[in-house]
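Here's the structure we're looking at; comments come further down.
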Amino acid sequence: MMLFSGIQLSLLQENIKYFKDDDPMAGFVLLIGIGAVIVVGIIGSLIKNGISAYGRGGSKTKSRQFSIFTMSRLANSYGLNKEQKKLLEQIFRANGVSDPQRIMQSPALLDKHFKQAYRTIERTASTEEEEQKKLALLFSLRNTIENAQVAGNMITTTTQLAANSTVVLIIGKESYPVKVLSSGRESLSVECPLNALGGPIKINMGTKVTISFFSKSSKGFSFDTRVVNRTDTSRGSVLQVAHSHKAKNMAQRKSRRKPASMACIFYLIFIEESGSGRKKKQKMILDKRKFTGAILDISIGGCAIKTSTFIAVGSRLKIEIAYSNEQRLAVLGQVLRINRSGSIGAILMHIKFLKVPRRAWNTINAMVFEYESA
């Protein structure tokens with residue numbers, strides 16, 4: 001309700017004296033005058049409130065209200081559990097996020113907020129145990145979001161391939177980069193690969209082929225199919241291959257991997273069994289022989305080690321990583337496969353982590369997501 005100042009009321013009372021009580025027109029004019037004063041007051045109040053809500057340059061300074069319903073819907077779509085959902089809400093509220101969906105869709109913006117939360121935990125945790133527990137939840141949340149985003153970028157059918165995209169056509173042991181020309185209802189049209197003389201390679205109908213490609217998010221996929229037709233056009237030969245709805249993800253890694261350059265030492269671990277049946281027990285025996293190597297890349301799921309020592313596939317290792325002068329990370333891993341490296345006598349071992357202590361797990365995550373950098 002609009003309040004009037006004493007001066008305004010006094011003026012109104014003086015004006016009333018100029019009108020006769022029995023003059024209807026005078027009363028009508030008086031009501032119009034009072035209404036005009038009220039309207040002016042309301043407009044002034046709105047202008048004043050508008051200035052407080054917007055900056056002097058006209059830009060709005062008050063952020064949109066945080067929506068718990070949007071937050072809940074997003075959390076469910078990413079498969080977050082109760083603890084993860086609560087932590088994500090705390091992070092967004094602490095940083096004044098009003099549009100959580102926009103942040104979730106941008107890894108760079110998301111990591112900006114998570115990095116701030118990482119530093120806050122390091123600064124405010126009262127004990128080492130509390131710090132590691134909170135960091136473990138933070139990285140559990142970040143990896144769950146990452147995995148959900150990767151799954152959302154999956155290509156499941158070749159009908160999703162766009163014209164002019166480059167794919168690799170694999171016939172037997174030979175690979176040929178070709179372009180997608182068009183995608184029809186039943187088949188995909190691609191360039192016919194050329195031989196060394198520049199002529200089209202003869203490929204019979206029914207020939208089984210594999211096509212591999214990368215999506216815009218740099219994820220690799222492949223699918224098996226067969227040639228259903230070949231036609232000659234003014235722009236060259238065209239192969240038609242049957243569509244497939246069983247595209248396979250070529251990358252089996254479920255966690256982000258980061259190139260690294262860290263020295264490491266590792267020991268062989270042997271399993272000693274005793275007893276039988278329900279009384280059967282296993283005991284790990286650490287071989288005292290020490291081998292050296294270098295970590296070339298790492299993730300929370302495993303790493304690649306360059307070494308001069310041949311280790312059989314399937315071997316279990318205790319790996320000590322020289323993360324810094326003060327800290328070594330100890331993990332238990334298993335050799336998945338080995339490759340000869342470019343250097344003479346060098347071997348590249350691909351390791352799957354079997355057991356990672358909480359502190360080491362947090363440190364590797366901070367390294368991979370680059371939260372430990374300034």
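Naming works like this for the structure tokens: A, B, ... for the chains as they're shown, residue 1 at the start of each chain, ligands 1 onward in shown order.
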Determine, using only C-alpha atoms, which residues of range 139-215 of chain A have any atom at most 10 Å from an atom of range 91-107 of chain A, and tabulate each with its shortest atom pair and distance in Å to one decimal place, rows ordered by chain and then rising number, as CSV.
residue,atom,partner,partner_atom,distance
A:Arg142,CA,A:Pro107,CA,10.0
A:Ile145,CA,A:Met104,CA,8.3
A:Glu146,CA,A:Pro107,CA,8.5
A:Gln149,CA,A:Gln105,CA,8.4
Could you save the residues just selected, with C-alpha atoms, as a PDB file, in the first residue's frame?
ATOM      1  CA  ARG A 142      33.843 -36.593 -11.227  1.00  0.00           C
ATOM      2  CA  ILE A 145      30.013 -37.831 -14.632  1.00  0.00           C
ATOM      3  CA  GLU A 146      32.887 -38.519 -17.050  1.00  0.00           C
ATOM      4  CA  GLN A 149      29.300 -38.333 -20.771  1.00  0.00           C
TER       5      GLN A 149
END
Can you pull out the residues contacting range 256-269 of chain A? Cut-off 8 Å, using only C-alpha atoms, and skip same-chain residues under 2 positions away; I want them as a PDB file with N, CA and C atoms, in the first residue's frame.
ATOM      1  N   ARG A 253      38.980 -48.292 -22.480  1.00  0.00           N
ATOM      2  CA  ARG A 253      39.290 -47.597 -21.242  1.00  0.00           C
ATOM      3  C   ARG A 253      38.070 -46.854 -20.724  1.00  0.00           C
ATOM      4  N   LYS A 254      37.822 -46.991 -19.434  1.00  0.00           N
ATOM      5  CA  LYS A 254      36.671 -46.352 -18.823  1.00  0.00           C
ATOM      6  C   LYS A 254      37.039 -45.100 -18.045  1.00  0.00           C
ATOM      7  N   ILE A 271      51.771 -65.827  -6.122  1.00  0.00           N
ATOM      8  CA  ILE A 271      50.663 -66.274  -5.271  1.00  0.00           C
ATOM      9  C   ILE A 271      50.960 -67.674  -4.762  1.00  0.00           C
ATOM     10  N   MET A 284      50.227 -63.648  -0.937  1.00  0.00           N
ATOM     11  CA  MET A 284      51.086 -62.976  -1.902  1.00  0.00           C
ATOM     12  C   MET A 284      52.524 -62.946  -1.383  1.00  0.00           C
ATOM     13  N   ILE A 285      53.441 -63.374  -2.235  1.00  0.00           N
ATOM     14  CA  ILE A 285      54.860 -63.378  -1.902  1.00  0.00           C
ATOM     15  C   ILE A 285      55.565 -62.350  -2.789  1.00  0.00           C
ATOM     16  N   LEU A 286      56.247 -61.395  -2.170  1.00  0.00           N
ATOM     17  CA  LEU A 286      56.939 -60.339  -2.902  1.00  0.00           C
ATOM     18  C   LEU A 286      58.363 -60.771  -3.228  1.00  0.00           C
ATOM     19  N   ASP A 287      58.676 -60.803  -4.527  1.00  0.00           N
ATOM     20  CA  ASP A 287      60.039 -61.109  -4.960  1.00  0.00           C
ATOM     21  C   ASP A 287      60.932 -59.909  -4.644  1.00  0.00           C
ATOM     22  N   LYS A 288      62.105 -60.152  -4.083  1.00  0.00           N
ATOM     23  CA  LYS A 288      62.974 -59.060  -3.654  1.00  0.00           C
ATOM     24  C   LYS A 288      63.737 -58.422  -4.817  1.00  0.00           C
ATOM     25  N   ARG A 289      63.720 -59.047  -5.975  1.00  0.00           N
ATOM     26  CA  ARG A 289      64.406 -58.449  -7.135  1.00  0.00           C
ATOM     27  C   ARG A 289      63.684 -57.169  -7.556  1.00  0.00           C
ATOM     28  N   LYS A 290      64.452 -56.119  -7.810  1.00  0.00           N
ATOM     29  CA  LYS A 290      63.884 -54.813  -8.139  1.00  0.00           C
ATOM     30  C   LYS A 290      64.180 -54.474  -9.598  1.00  0.00           C
ATOM     31  N   PHE A 291      63.135 -54.047 -10.320  1.00  0.00           N
ATOM     32  CA  PHE A 291      63.283 -53.657 -11.720  1.00  0.00           C
ATOM     33  C   PHE A 291      62.900 -52.181 -11.870  1.00  0.00           C
ATOM     34  N   THR A 292      63.489 -51.532 -12.839  1.00  0.00           N
ATOM     35  CA  THR A 292      63.227 -50.102 -13.044  1.00  0.00           C
ATOM     36  C   THR A 292      62.492 -49.878 -14.358  1.00  0.00           C
ATOM     37  N   GLY A 293      61.804 -48.766 -14.416  1.00  0.00           N
ATOM     38  CA  GLY A 293      61.066 -48.406 -15.625  1.00  0.00           C
ATOM     39  C   GLY A 293      60.627 -46.965 -15.564  1.00  0.00           C
ATOM     40  N   ALA A 294      59.820 -46.550 -16.546  1.00  0.00           N
ATOM     41  CA  ALA A 294      59.292 -45.180 -16.604  1.00  0.00           C
ATOM     42  C   ALA A 294      57.817 -45.224 -16.970  1.00  0.00           C
ATOM     43  N   ILE A 295      57.014 -44.497 -16.221  1.00  0.00           N
ATOM     44  CA  ILE A 295      55.580 -44.387 -16.520  1.00  0.00           C
ATOM     45  C   ILE A 295      55.405 -43.423 -17.685  1.00  0.00           C
ATOM     46  N   LEU A 296      54.763 -43.880 -18.767  1.00  0.00           N
ATOM     47  CA  LEU A 296      54.533 -43.036 -19.940  1.00  0.00           C
ATOM     48  C   LEU A 296      53.137 -42.433 -19.961  1.00  0.00           C
ATOM     49  N   ASP A 297      52.170 -43.142 -19.425  1.00  0.00           N
ATOM     50  CA  ASP A 297      50.822 -42.584 -19.252  1.00  0.00           C
ATOM     51  C   ASP A 297      50.149 -43.305 -18.101  1.00  0.00           C
ATOM     52  N   ILE A 298      49.116 -42.665 -17.556  1.00  0.00           N
ATOM     53  CA  ILE A 298      48.503 -43.222 -16.349  1.00  0.00           C
ATOM     54  C   ILE A 298      47.042 -42.821 -16.264  1.00  0.00           C
ATOM     55  N   SER A 299      46.231 -43.672 -15.648  1.00  0.00           N
ATOM     56  CA  SER A 299      44.839 -43.386 -15.327  1.00  0.00           C
ATOM     57  C   SER A 299      44.547 -44.089 -14.007  1.00  0.00           C
ATOM     58  N   ILE A 300      43.341 -43.928 -13.495  1.00  0.00           N
ATOM     59  CA  ILE A 300      43.009 -44.624 -12.252  1.00  0.00           C
ATOM     60  C   ILE A 300      42.834 -46.118 -12.494  1.00  0.00           C
ATOM     61  N   SER A 315      51.518 -61.514 -15.324  1.00  0.00           N
ATOM     62  CA  SER A 315      52.304 -61.373 -14.093  1.00  0.00           C
ATOM     63  C   SER A 315      51.737 -60.259 -13.221  1.00  0.00           C
ATOM     64  N   ARG A 316      51.781 -60.473 -11.913  1.00  0.00           N
ATOM     65  CA  ARG A 316      51.350 -59.447 -10.970  1.00  0.00           C
ATOM     66  C   ARG A 316      52.570 -58.700 -10.450  1.00  0.00           C
ATOM     67  N   LEU A 317      52.388 -57.381 -10.288  1.00  0.00           N
ATOM     68  CA  LEU A 317      53.508 -56.527  -9.900  1.00  0.00           C
ATOM     69  C   LEU A 317      53.112 -55.586  -8.773  1.00  0.00           C
ATOM     70  N   LYS A 318      54.077 -55.305  -7.906  1.00  0.00           N
ATOM     71  CA  LYS A 318      53.951 -54.173  -6.997  1.00  0.00           C
ATOM     72  C   LYS A 318      54.734 -53.044  -7.639  1.00  0.00           C
ATOM     73  N   ILE A 319      54.054 -51.910  -7.877  1.00  0.00           N
ATOM     74  CA  ILE A 319      54.669 -50.794  -8.596  1.00  0.00           C
ATOM     75  C   ILE A 319      54.768 -49.599  -7.654  1.00  0.00           C
ATOM     76  N   GLU A 320      55.963 -49.031  -7.565  1.00  0.00           N
ATOM     77  CA  GLU A 320      56.189 -47.825  -6.774  1.00  0.00           C
ATOM     78  C   GLU A 320      56.537 -46.689  -7.727  1.00  0.00           C
ATOM     79  N   ILE A 321      55.653 -45.685  -7.765  1.00  0.00           N
ATOM     80  CA  ILE A 321      55.793 -44.574  -8.707  1.00  0.00           C
ATOM     81  C   ILE A 321      56.389 -43.374  -7.983  1.00  0.00           C
ATOM     82  N   ALA A 322      57.453 -42.804  -8.555  1.00  0.00           N
ATOM     83  CA  ALA A 322      58.083 -41.618  -7.965  1.00  0.00           C
ATOM     84  C   ALA A 322      57.293 -40.380  -8.378  1.00  0.00           C
ATOM     85  N   TYR A 323      56.203 -40.121  -7.637  1.00  0.00           N
ATOM     86  CA  TYR A 323      55.327 -38.995  -7.971  1.00  0.00           C
ATOM     87  C   TYR A 323      56.020 -37.660  -7.692  1.00  0.00           C
ATOM     88  N   MET A 367      46.106 -35.813 -10.602  1.00  0.00           N
ATOM     89  CA  MET A 367      47.069 -35.697 -11.687  1.00  0.00           C
ATOM     90  C   MET A 367      46.368 -35.747 -13.048  1.00  0.00           C
ATOM     91  N   VAL A 368      45.462 -36.712 -13.197  1.00  0.00           N
ATOM     92  CA  VAL A 368      44.778 -36.908 -14.481  1.00  0.00           C
ATOM     93  C   VAL A 368      43.880 -35.722 -14.828  1.00  0.00           C
ATOM     94  N   PHE A 369      43.134 -35.226 -13.833  1.00  0.00           N
ATOM     95  CA  PHE A 369      42.234 -34.096 -14.083  1.00  0.00           C
ATOM     96  C   PHE A 369      42.939 -32.744 -13.944  1.00  0.00           C
TER      97      PHE A 369
END
(request) For CA of Ile171 in chain A and CA of His243 in chain A, quote the distance in Å rounded to one decimal. (result) 16.6 Å
(message) Can you tell me, as a PyMOL selection string, which residues in range 102-208 of chain A count as alpha helix (DSSP H) by DSSP?
(response) chain A and resi 102-104+107-124+128-152
